[in-house]
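This is data_11.txt. It holds compact mmCIF, C-alpha atoms.
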# COMPACT_ATOMS: atom_id res chain seq x y z
CA MET A 1 -22.68 13.04 35.67
CA LEU A 2 -23.98 13.20 32.11
CA ASN A 3 -26.43 10.51 31.21
CA ALA A 4 -28.39 9.73 28.08
CA ASP A 5 -31.74 10.87 29.54
CA ARG A 6 -30.53 14.29 30.57
CA PHE A 7 -28.56 14.67 27.40
CA CYS A 8 -31.60 13.79 25.32
CA GLN A 9 -33.96 16.01 27.27
CA TYR A 10 -31.69 18.87 26.54
CA THR A 11 -30.77 18.25 22.94
CA ALA A 12 -34.09 16.93 21.72
CA LYS A 13 -35.87 20.25 22.22
CA ASP A 14 -35.41 21.49 18.72
CA ILE A 15 -36.02 18.32 16.81
CA SER A 16 -39.54 18.52 15.44
CA ALA A 17 -40.40 14.85 15.54
CA PRO A 18 -42.81 12.75 17.57
CA LYS A 19 -41.61 12.24 21.11
CA ALA A 20 -40.70 8.55 20.74
CA ARG A 21 -38.90 9.15 17.45
CA LYS A 22 -37.16 12.14 18.94
CA SER A 23 -35.73 10.16 21.79
CA ALA A 24 -34.69 7.33 19.48
CA ILE A 25 -32.74 9.76 17.31
CA CYS A 26 -31.26 11.33 20.38
CA TYR A 27 -30.16 8.05 21.94
CA ARG A 28 -28.46 7.17 18.71
CA LEU A 29 -26.68 10.49 18.73
CA PHE A 30 -25.70 9.95 22.32
CA LEU A 31 -24.16 6.60 21.44
CA LEU A 32 -22.47 8.07 18.39
CA ILE A 33 -20.33 10.47 20.39
CA PRO A 34 -18.28 7.85 22.29
CA ALA A 35 -18.25 5.75 19.12
CA LEU A 36 -16.52 8.57 17.28
CA PHE A 37 -13.83 8.67 19.95
CA LEU A 38 -13.59 4.91 19.94
CA PHE A 39 -12.94 4.75 16.22
CA GLY A 40 -10.32 7.39 16.46
CA VAL A 41 -12.11 10.21 14.70
CA HIS A 42 -10.53 13.46 15.75
CA PHE A 43 -11.25 16.89 14.44
CA ALA A 44 -8.86 19.76 14.23
CA PHE A 45 -9.33 23.30 13.13
CA ALA A 46 -6.65 25.96 13.07
CA ASP A 47 -6.54 29.38 11.50
CA ASP A 48 -9.76 28.38 9.72
CA GLN A 49 -7.44 26.55 7.37
CA VAL A 50 -6.38 23.12 8.51
CA ALA A 51 -9.45 20.91 8.88
CA VAL A 52 -8.07 17.42 8.97
CA THR A 53 -9.79 14.32 10.31
CA VAL A 54 -7.76 11.28 11.36
CA GLN A 55 -9.25 7.83 10.87
CA ARG A 56 -8.15 4.36 12.00
CA PRO A 57 -4.71 5.29 13.37
CA TRP A 58 -2.55 2.40 14.60
CA MET A 59 1.04 1.70 15.55
CA ARG A 60 2.70 -1.56 14.62
CA ALA A 61 3.63 -3.77 17.58
CA VAL A 62 7.23 -4.78 16.95
CA PRO A 63 9.72 -7.21 18.51
CA ASN A 64 11.89 -5.79 21.31
CA VAL A 65 15.01 -6.06 19.15
CA MET A 66 13.68 -3.49 16.71
CA ASP A 67 14.58 0.14 17.24
CA SER A 68 11.86 1.51 15.01
CA THR A 69 8.24 1.01 14.10
CA ALA A 70 5.61 2.63 11.90
CA VAL A 71 2.32 4.46 12.40
CA TYR A 72 -0.49 4.23 9.89
CA MET A 73 -3.76 6.18 9.50
CA VAL A 74 -6.03 7.85 6.99
CA LEU A 75 -5.98 11.65 6.98
CA VAL A 76 -8.99 13.38 5.49
CA ASN A 77 -8.74 17.02 4.52
CA ASN A 78 -12.16 18.66 4.85
CA SER A 79 -11.07 22.05 3.63
CA SER A 80 -10.42 23.59 0.24
CA VAL A 81 -6.78 24.25 1.16
CA PRO A 82 -4.18 21.49 0.75
CA ALA A 83 -2.50 20.41 4.00
CA GLU A 84 0.87 18.79 4.66
CA LEU A 85 1.75 16.10 7.17
CA VAL A 86 5.22 17.19 8.25
CA GLY A 87 5.98 14.86 11.15
CA GLY A 88 5.02 13.88 14.63
CA SER A 89 6.25 13.04 18.08
CA THR A 90 5.74 10.56 20.88
CA ALA A 91 7.31 10.13 24.30
CA ILE A 92 8.27 6.54 23.51
CA ALA A 93 10.66 7.36 20.66
CA ASP A 94 13.36 9.83 19.63
CA SER A 95 11.82 10.98 16.38
CA VAL A 96 9.00 10.57 13.90
CA ALA A 97 9.34 11.19 10.18
CA PRO A 98 7.10 10.88 7.12
CA MET A 99 8.35 8.23 4.70
CA ILE A 100 7.42 7.02 1.26
CA THR A 101 7.97 3.56 -0.19
CA THR A 102 10.22 3.47 -3.22
CA LYS A 103 10.37 0.87 -5.95
CA GLU A 104 13.27 0.78 -8.35
CA GLY A 105 13.93 -1.56 -11.24
CA GLU A 106 11.74 -4.14 -12.88
CA GLY A 107 10.87 -7.77 -12.27
CA LEU A 108 13.13 -9.81 -10.02
CA LYS A 109 15.69 -7.04 -9.81
CA GLN A 110 13.15 -4.65 -8.36
CA VAL A 111 14.21 -3.33 -4.98
CA VAL A 112 11.78 -1.88 -2.49
CA GLY A 113 12.91 0.68 0.02
CA MET A 114 11.83 3.69 1.93
CA LYS A 115 12.81 7.30 1.79
CA GLY A 116 12.31 10.14 4.25
CA VAL A 117 10.42 13.12 2.87
CA ASP A 118 9.84 16.60 4.27
CA SER A 119 6.10 16.22 4.06
CA LEU A 120 3.21 14.21 2.65
CA GLU A 121 0.38 16.11 1.04
CA ILE A 122 -3.27 15.80 2.03
CA PRO A 123 -4.99 17.32 -1.01
CA ALA A 124 -7.88 19.75 -0.59
CA HIS A 125 -11.05 17.70 -0.03
CA GLY A 126 -8.85 14.64 -0.42
CA THR A 127 -7.22 11.92 1.67
CA LEU A 128 -3.75 10.73 2.50
CA VAL A 129 -3.52 7.01 3.23
CA LEU A 130 -0.69 5.74 5.41
CA GLU A 131 -0.69 1.95 5.18
CA PRO A 132 1.58 -1.09 5.42
CA ASN A 133 3.85 -1.36 2.35
CA GLY A 134 3.09 2.26 1.48
CA ASN A 135 3.48 5.74 2.93
CA HIS A 136 3.93 5.79 6.69
CA LEU A 137 5.19 7.70 9.68
CA MET A 138 8.39 6.02 10.81
CA VAL A 139 8.92 6.07 14.56
CA MET A 140 12.66 5.92 15.24
CA GLY A 141 14.75 5.32 18.32
CA LEU A 142 12.16 3.37 20.31
CA LYS A 143 12.62 3.69 24.09
CA GLU A 144 9.71 1.36 24.82
CA HIS A 145 8.08 -1.46 22.92
CA PRO A 146 4.35 -1.21 23.58
CA LYS A 147 2.57 -4.51 23.13
CA GLU A 148 -0.47 -5.29 21.06
CA GLY A 149 -3.54 -3.79 22.75
CA ALA A 150 -1.69 -0.86 24.35
CA GLN A 151 -2.50 2.80 23.62
CA VAL A 152 0.19 5.32 22.81
CA ASP A 153 -0.01 9.12 23.02
CA PHE A 154 1.03 10.40 19.65
CA THR A 155 1.07 13.86 18.10
CA ILE A 156 1.05 14.60 14.40
CA LYS A 157 2.19 17.91 12.95
CA LEU A 158 0.46 19.57 10.04
CA GLU A 159 1.02 22.62 7.91
CA PRO A 160 -0.05 25.30 7.29
CA GLY A 161 -0.29 26.89 10.68
CA ASP A 162 2.19 24.65 12.54
CA HIS A 163 -0.83 22.67 13.64
CA GLU A 164 -0.79 19.66 15.99
CA ILE A 165 -3.30 16.88 16.50
CA HIS A 166 -2.99 14.83 19.68
CA LEU A 167 -4.02 11.22 19.30
CA LYS A 168 -4.25 8.09 21.37
CA ILE A 169 -3.14 5.37 19.02
CA PRO A 170 -3.84 1.65 19.49
CA VAL A 171 -0.89 -0.73 19.11
CA GLN A 172 -1.69 -3.61 16.77
CA LYS A 173 0.10 -6.31 14.83
CA LYS A 174 -1.94 -5.67 11.71
CA PRO A 175 -4.71 -3.40 10.45
CA ILE A 176 -8.25 -4.18 11.53
CA LYS A 177 -9.99 -5.56 8.48
CA MET B 178 -55.50 -51.06 -6.99
CA SER B 179 -56.32 -47.69 -8.26
CA VAL B 180 -57.09 -44.42 -6.62
CA VAL B 181 -60.40 -43.05 -7.54
CA SER B 182 -60.66 -39.36 -7.37
CA PRO B 183 -63.84 -37.88 -6.06
CA LYS B 184 -66.28 -37.21 -8.76
CA THR B 185 -66.25 -33.62 -9.86
CA PRO B 186 -68.77 -32.00 -12.09
CA SER B 187 -67.41 -32.05 -15.59
CA VAL B 188 -67.10 -28.41 -16.39
CA PRO B 189 -64.97 -27.59 -19.43
CA ASN B 190 -61.69 -25.93 -18.43
CA PRO B 191 -61.72 -22.20 -18.95
CA PRO B 192 -59.22 -21.13 -21.65
CA LEU B 193 -55.73 -20.54 -20.17
CA LYS B 194 -54.99 -16.85 -20.01
CA ARG B 195 -51.42 -15.81 -19.39
CA SER B 196 -50.93 -12.10 -19.08
CA PHE B 197 -47.49 -10.51 -19.27
CA PHE B 198 -47.60 -10.10 -15.52
CA ASP B 199 -48.37 -13.72 -14.81
CA TRP B 200 -46.40 -14.43 -11.65
CA ARG B 201 -45.73 -18.05 -12.65
CA VAL B 202 -43.82 -17.01 -15.74
CA TRP B 203 -41.81 -14.51 -13.76
CA THR B 204 -41.04 -16.99 -11.00
CA VAL B 205 -39.67 -19.46 -13.51
CA ALA B 206 -37.64 -16.75 -15.24
CA ILE B 207 -36.14 -15.46 -11.99
CA VAL B 208 -35.29 -18.94 -10.75
CA LEU B 209 -33.57 -19.69 -14.05
CA LEU B 210 -31.62 -16.41 -13.97
CA VAL B 211 -30.44 -17.00 -10.42
CA ALA B 212 -29.41 -20.55 -11.29
CA VAL B 213 -27.44 -19.41 -14.34
CA GLY B 214 -25.85 -16.60 -12.31
CA LEU B 215 -24.79 -18.97 -9.55
CA ALA B 216 -23.40 -21.46 -12.05
CA VAL B 217 -21.33 -18.74 -13.75
CA LEU B 218 -20.06 -17.40 -10.41
CA PHE B 219 -19.19 -20.86 -9.16
CA GLY B 220 -17.48 -21.70 -12.44
CA VAL B 221 -15.36 -18.54 -12.30
CA LYS B 222 -14.44 -19.27 -8.69
CA GLN B 223 -13.42 -22.82 -9.53
CA GLN B 224 -11.27 -21.57 -12.36
CA ALA B 225 -9.57 -19.05 -10.08
CA GLN B 226 -8.86 -21.75 -7.54
CA GLN B 227 -6.99 -23.81 -10.07
CA GLY B 228 -4.55 -20.98 -10.71
CA PHE B 229 -1.84 -19.90 -8.29
CA LEU B 230 -1.64 -16.55 -6.55
CA GLY B 231 2.13 -16.62 -6.88
CA MET B 232 4.04 -16.32 -10.14
CA ARG B 233 4.73 -19.93 -11.13
CA LEU B 234 8.13 -20.65 -12.63
CA PHE B 235 8.56 -22.94 -15.62
CA PRO B 236 10.46 -25.09 -16.02
CA LEU B 237 10.98 -25.81 -12.34
CA LYS B 238 14.65 -25.62 -11.45
CA THR B 239 16.47 -26.78 -8.37
CA ALA B 240 16.66 -23.86 -5.95
CA TYR B 241 20.12 -22.55 -5.09
CA ASP B 242 21.27 -24.26 -1.91
CA PHE B 243 22.14 -21.30 0.29
CA LYS B 244 24.48 -21.88 3.25
CA LEU B 245 24.01 -19.25 5.92
CA LYS B 246 24.28 -18.83 9.68
CA GLY B 247 21.24 -19.38 11.84
CA PRO B 248 20.54 -19.51 15.58
CA ASN B 249 23.72 -20.02 17.66
CA ASP B 250 25.82 -19.52 14.54
CA ALA B 251 24.81 -22.95 13.29
CA GLU B 252 24.94 -23.47 9.56
CA VAL B 253 21.53 -23.41 7.90
CA ARG B 254 21.28 -24.80 4.38
CA LEU B 255 18.25 -24.81 2.12
CA ASP B 256 18.80 -28.51 1.39
CA GLN B 257 18.27 -29.46 5.01
CA PHE B 258 14.57 -28.61 4.53
CA GLN B 259 14.08 -31.17 1.73
CA GLY B 260 10.61 -32.62 2.13
CA LYS B 261 9.23 -29.29 3.34
CA ALA B 262 7.91 -26.31 1.46
CA VAL B 263 10.22 -23.39 2.27
CA LEU B 264 9.05 -19.77 2.10
CA PHE B 265 11.96 -17.37 2.32
CA LEU B 266 12.50 -13.65 1.87
CA PHE B 267 15.28 -11.07 2.10
CA GLY B 268 15.14 -8.19 4.54
CA PHE B 269 16.74 -6.60 7.59
CA THR B 270 15.51 -5.99 11.13
CA HIS B 271 15.84 -2.19 11.00
CA CYS B 272 13.14 -2.22 8.34
CA ALA B 273 10.02 -0.66 9.86
CA ASN B 274 7.45 -1.05 7.12
CA ILE B 275 7.94 -3.72 4.44
CA CYS B 276 9.64 -6.53 6.39
CA PRO B 277 7.32 -6.57 9.43
CA THR B 278 4.34 -6.36 7.08
CA SER B 279 5.56 -9.35 5.06
CA LEU B 280 6.41 -11.36 8.17
CA THR B 281 3.06 -10.53 9.80
CA ASN B 282 1.27 -11.73 6.67
CA LEU B 283 3.39 -14.88 6.50
CA THR B 284 2.63 -15.52 10.17
CA GLU B 285 -1.06 -15.30 9.43
CA VAL B 286 -0.66 -17.65 6.45
CA TYR B 287 1.41 -20.14 8.47
CA GLN B 288 -1.02 -20.12 11.39
CA ALA B 289 -3.95 -20.69 9.02
CA LEU B 290 -2.45 -24.06 8.04
CA THR B 291 -3.35 -27.21 9.95
CA PRO B 292 -0.78 -28.42 12.52
CA GLU B 293 -0.01 -31.33 10.16
CA GLU B 294 0.66 -28.95 7.26
CA ARG B 295 2.75 -26.64 9.44
CA LYS B 296 5.19 -29.51 10.03
CA GLN B 297 5.80 -29.49 6.29
CA VAL B 298 6.38 -25.73 5.96
CA GLN B 299 9.40 -23.63 6.98
CA VAL B 300 9.60 -19.82 6.86
CA VAL B 301 13.14 -18.40 6.59
CA PHE B 302 14.07 -14.71 6.84
CA ILE B 303 17.43 -13.87 5.27
CA SER B 304 19.00 -10.66 6.57
CA VAL B 305 21.05 -8.76 4.00
CA ASP B 306 22.41 -6.56 6.82
CA PRO B 307 24.90 -8.83 8.66
CA ASP B 308 26.69 -5.84 10.23
CA ARG B 309 23.69 -4.93 12.35
CA ASP B 310 21.78 -8.23 12.41
CA LYS B 311 23.62 -10.75 14.53
CA PRO B 312 22.23 -14.30 14.68
CA GLN B 313 20.92 -13.70 18.24
CA THR B 314 19.11 -10.52 17.23
CA LEU B 315 17.68 -12.25 14.20
CA GLU B 316 16.45 -15.17 16.22
CA GLN B 317 14.62 -12.93 18.68
CA TYR B 318 13.22 -10.94 15.80
CA VAL B 319 11.78 -13.78 13.71
CA THR B 320 10.56 -15.91 16.61
CA SER B 321 8.48 -13.00 17.87
CA PHE B 322 6.37 -13.49 14.75
CA ASP B 323 6.18 -17.28 15.05
CA PRO B 324 8.44 -19.51 17.15
CA SER B 325 9.01 -21.80 14.16
CA PHE B 326 10.47 -19.08 11.91
CA ILE B 327 14.21 -19.09 11.29
CA GLY B 328 16.38 -16.02 10.73
CA VAL B 329 19.70 -16.42 8.90
CA THR B 330 22.49 -14.25 7.61
CA GLY B 331 26.15 -14.60 6.71
CA PRO B 332 29.28 -12.80 5.52
CA LYS B 333 28.58 -10.22 2.83
CA PRO B 334 30.06 -12.27 -0.07
CA VAL B 335 27.85 -15.23 0.83
CA ILE B 336 24.79 -12.97 1.08
CA ASP B 337 25.65 -11.40 -2.28
CA GLN B 338 25.99 -14.81 -3.90
CA THR B 339 22.65 -15.92 -2.47
CA VAL B 340 20.80 -12.77 -3.55
CA LEU B 341 22.36 -13.03 -7.02
CA ALA B 342 21.44 -16.71 -7.35
CA TYR B 343 17.80 -15.76 -6.83
CA GLY B 344 18.00 -12.89 -9.28
CA GLY B 345 17.48 -10.37 -6.52
CA SER B 346 19.24 -7.20 -5.58
CA TYR B 347 19.87 -4.91 -2.60
CA GLU B 348 21.71 -1.72 -1.79
CA MET B 349 22.54 0.27 1.31
CA VAL B 350 21.24 3.84 1.38
CA ALA B 351 22.72 6.41 3.76
CA GLY B 352 20.34 7.94 6.28
CA PRO B 353 19.86 11.65 7.09
CA THR B 354 22.62 11.75 9.74
CA ASN B 355 26.07 10.90 8.51
CA GLU B 356 26.69 8.33 11.23
CA PRO B 357 27.96 4.98 9.98
CA ASN B 358 25.08 3.05 11.52
CA ASP B 359 22.41 5.27 10.01
CA TYR B 360 21.49 3.59 6.78
CA SER B 361 18.54 1.84 5.24
CA VAL B 362 18.55 -1.08 2.83
CA ASN B 363 16.57 -1.17 -0.38
CA HIS B 364 16.07 -4.83 -1.15
CA SER B 365 14.18 -7.36 -3.24
CA ALA B 366 10.89 -7.83 -1.46
CA TYR B 367 9.82 -11.10 -3.07
CA THR B 368 8.95 -14.18 -1.09
CA TYR B 369 10.23 -17.36 -2.76
CA LEU B 370 8.46 -20.68 -2.35
CA VAL B 371 10.68 -23.75 -2.72
CA ASN B 372 8.67 -26.97 -3.02
CA PRO B 373 9.36 -30.12 -0.97
CA SER B 374 11.49 -31.48 -3.84
CA GLY B 375 13.81 -28.49 -3.55
CA LYS B 376 12.59 -26.77 -6.71
CA LEU B 377 11.91 -23.03 -6.80
CA GLU B 378 8.24 -23.00 -7.72
CA LEU B 379 6.45 -19.77 -6.82
CA LEU B 380 7.28 -16.12 -6.39
CA TYR B 381 5.29 -13.50 -4.50
CA GLY B 382 5.60 -9.72 -4.57
CA ASN B 383 5.34 -8.36 -1.01
CA GLU B 384 1.82 -7.04 -1.55
CA LYS B 385 0.49 -10.48 -2.51
CA LEU B 386 1.29 -11.93 0.92
CA ALA B 387 -1.77 -10.18 2.34
CA GLU B 388 -4.01 -12.58 0.37
CA VAL B 389 -3.90 -15.09 3.18
CA GLN B 390 -6.48 -17.59 1.91
CA GLN B 391 -4.94 -17.76 -1.55
CA MET B 392 -1.47 -18.14 -0.06
CA VAL B 393 -2.77 -21.03 2.00
CA SER B 394 -4.30 -22.72 -1.04
CA ASP B 395 -1.05 -22.25 -3.01
CA ILE B 396 0.92 -23.91 -0.20
CA ARG B 397 -1.59 -26.74 0.01
CA ALA B 398 -1.37 -27.29 -3.74
CA VAL B 399 2.44 -27.43 -3.55
CA LEU B 400 2.33 -29.91 -0.64
CA ARG B 401 -0.05 -32.14 -2.65
CA GLU B 402 2.16 -32.26 -5.74
CA PRO B 403 3.90 -35.56 -6.48
CA ARG B 404 7.50 -35.44 -5.24
CA SER B 405 10.26 -35.88 -7.77
The structure in this file should be written as structure tokens.
Amino acid sequence: MLNADRFCQYTAKDISAPKARKSAICYRLFLLIPALFLFGVHFAFADDQVAVTVQRPWMRAVPNVMDSTAVYMVLVNNSSVPAELVGGSTAIADSVAPMITTKEGEGLKQVVGMKGVDSLEIPAHGTLVLEPNGNHLMVMGLKEHPKEGAQVDFTIKLEPGDHEIHLKIPVQKKPIK
Amino acid sequence: MSVVSPKTPSVPNPPLKRSFFDWRVWTVAIVLLVAVGLAVLFGVKQQAQQGFLGMRLFPLKTAYDFKLKGPNDAEVRLDQFQGKAVLFLFGFTHCANICPTSLTNLTEVYQALTPEERKQVQVVFISVDPDRDKPQTLEQYVTSFDPSFIGVTGPKPVIDQTVLAYGGSYEMVAGPTNEPNDYSVNHSAYTYLVNPSGKLELLYGNEKLAEVQQMVSDIRAVLREPRS
């Protein structure tokens, strides 16, 4: 069983700092690792090209009468090559598709809608924000309606390299502020 | 009776020297700056609080009295909520992004009101998709946000008339498969606030609904207005 003391004994070797300071740094590092998982930071590398980090993913908890929901997250591209979010999958629904929000017309006559797209770009060294009222991954044909607080296995698909990132996504009614 | 101070040797006061770095001068200056800063900030805040978050309509006109079908196919009319502030919006239950976001925000706004205020506020969701949204479906849908919310719809001509009366618009858009049930609806995403006198008073774009505290203060201001 890995514990902080053993972990720190091992990793602190190369840090040239006083012993007390060393262990303080190390304990912080040790705590940081589960924290990264907790906050949904996932790293992915494929073909030395796709280097995308996912932050704050969540799925909207929806009423049982709805047959679709949406997934939101921030995708950070850490590489100098643009990446594309092309879709996703989850066992609890038939399909997942990237969508954009459209606005047509002005003033009162303005209509808001959504439109499926082939992909959403994550610019090189840039971010793609999926958020309520904006771009999102639409999850269609729900077979289950996970409640607020549940966790859902969810895979997103990225290009280039037909790359997949497997996530555990919390189900929430609204974003955490 | 007088207080006699202890006798002190009468030495002439040394001349007052105030250098540029005299801490007393700086203390006074900083205190003054902070005070002015706070006053300006507070003033700006007060001013903002007097304005509404929503777009206020002038002159106030009587809101169109829609007649739609609610729970158990019962007729629901806007006029039956006279005396309450009514917040209503158009949407459809197959909407995965905009409608649930708006309703979640409205739920938060509604639940931030006091129980007394909540009795004077009604949220109504009008489905522009009567083919797929039956009254039962709608009821389950809206009450999952808050049990007090009401979902209504009606025959297409009645929906069209209602949307038109509020200057809104909507259109069905075919989905990727060519199946008849695969379509989405682009629709007006405003929330309309009708005051307790039945006048259409405020209008909110869907993104404004997230400003929960300002929404609450708008509603409170409307509830405090003299009734006509």
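Nearest-residue note for chain B: choosing from A:Thr69, A:Thr155, A:Gln172, A:Ser119, the minimum distance belongs to A:Thr69, counting only C-alpha atoms.
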Point (8.1, -13.4, -3.5), cut-off 7 Å, counting all atoms listed in the file, residues as an MDAnalysis selection string
chainID B and resid 266 366:369 380:383
Residues of chain A were defined as contacting chain B if any atom lay at most 9 Å from it, counting all atoms listed in the file; please report them as a PyMOL selection string.
chain A and resi 60+62-70+101-104+108-116+131-136+138-140+173-174
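Protein and nucleic acid residues near (18.0, -24.4, -4.6) are B:Lys238, B:Thr239, B:Ala240, B:Tyr241, B:Asp242, B:Phe243, B:Arg254, B:Leu255, B:Asp256, B:Thr339, B:Ala342, B:Tyr343, B:Val371, B:Asn372, B:Ser374, B:Gly375, B:Lys376, B:Leu377, the criterion being any atom at most 10 Å away using only C-alpha atoms.
In this model, the gap between atom CA of Ala398 of chain B and atom CA of Ile303 of chain B comes to 24.8 Å.
Between atom CA of Thr330 of chain B and atom CA of Asp306 of chain B the interatomic distance comes to 7.7 Å.
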For Gln390 of chain B, please output as number ranges by chain all residues within 12 Å (counting all atoms listed in the file; exclusion window: fewer than 2 positions along the same chain).
B: 226, 229-230, 282-283, 285-290, 385-388, 392-397
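Across A:Leu130, A:Leu85, A:Val171, A:Ala91, the tightest approach to Phe154 of chain A is made by A:Ala91 when counting all atoms listed in the file.
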Atomic distance atom CA of Tyr360 of chain B - atom CA of Glu164 of chain A, expressed in Å with one decimal
29.0 Å
Completion of segment 103-122 of chain A up to N, CA and C atoms, as a short mmCIF file (atom, residue, chain, number, x, y, z; two decimals), in the coordinates of the input:
data_model
loop_
_atom_site.label_atom_id
_atom_site.label_comp_id
_atom_site.auth_asym_id
_atom_site.auth_seq_id
_atom_site.Cartn_x
_atom_site.Cartn_y
_atom_site.Cartn_z
N LYS A 103 10.17 2.09 -5.18
CA LYS A 103 10.37 0.87 -5.95
C LYS A 103 11.27 1.22 -7.12
N GLU A 104 12.37 0.51 -7.24
CA GLU A 104 13.27 0.78 -8.35
C GLU A 104 13.54 -0.50 -9.10
N GLY A 105 13.62 -0.39 -10.42
CA GLY A 105 13.93 -1.56 -11.24
C GLY A 105 12.68 -2.35 -11.55
N GLU A 106 12.86 -3.34 -12.40
CA GLU A 106 11.74 -4.14 -12.88
C GLU A 106 11.93 -5.60 -12.50
N GLY A 107 10.84 -6.31 -12.44
CA GLY A 107 10.87 -7.77 -12.27
C GLY A 107 11.64 -8.19 -11.03
N LEU A 108 12.41 -9.25 -11.17
CA LEU A 108 13.13 -9.81 -10.02
C LEU A 108 14.12 -8.83 -9.43
N LYS A 109 14.66 -7.98 -10.27
CA LYS A 109 15.69 -7.04 -9.81
C LYS A 109 15.08 -5.86 -9.06
N GLN A 110 13.77 -5.79 -9.03
CA GLN A 110 13.15 -4.65 -8.36
C GLN A 110 13.51 -4.63 -6.87
N VAL A 111 13.95 -3.47 -6.42
CA VAL A 111 14.21 -3.33 -4.98
C VAL A 111 13.20 -2.35 -4.39
N VAL A 112 12.75 -2.70 -3.19
CA VAL A 112 11.78 -1.88 -2.49
C VAL A 112 12.51 -1.24 -1.32
N GLY A 113 12.26 0.01 -1.10
CA GLY A 113 12.91 0.68 0.02
C GLY A 113 12.04 1.78 0.55
N MET A 114 12.61 2.55 1.47
CA MET A 114 11.83 3.69 1.93
C MET A 114 12.72 4.92 1.96
N LYS A 115 12.07 6.06 1.89
CA LYS A 115 12.81 7.30 1.79
C LYS A 115 12.10 8.34 2.64
N GLY A 116 12.88 9.05 3.46
CA GLY A 116 12.31 10.14 4.25
C GLY A 116 11.94 11.30 3.35
N VAL A 117 10.82 11.93 3.64
CA VAL A 117 10.42 13.12 2.87
C VAL A 117 10.10 14.24 3.86
N ASP A 118 10.14 15.47 3.39
CA ASP A 118 9.84 16.60 4.27
C ASP A 118 8.37 16.60 4.68
N SER A 119 7.52 16.21 3.74
CA SER A 119 6.10 16.22 4.06
C SER A 119 5.33 15.33 3.09
N LEU A 120 4.13 14.96 3.52
CA LEU A 120 3.21 14.21 2.65
C LEU A 120 1.96 15.06 2.50
N GLU A 121 1.50 15.21 1.27
CA GLU A 121 0.38 16.11 1.04
C GLU A 121 -0.98 15.44 1.29
N ILE A 122 -1.87 16.20 1.92
CA ILE A 122 -3.27 15.80 2.03
C ILE A 122 -4.02 16.79 1.14
#
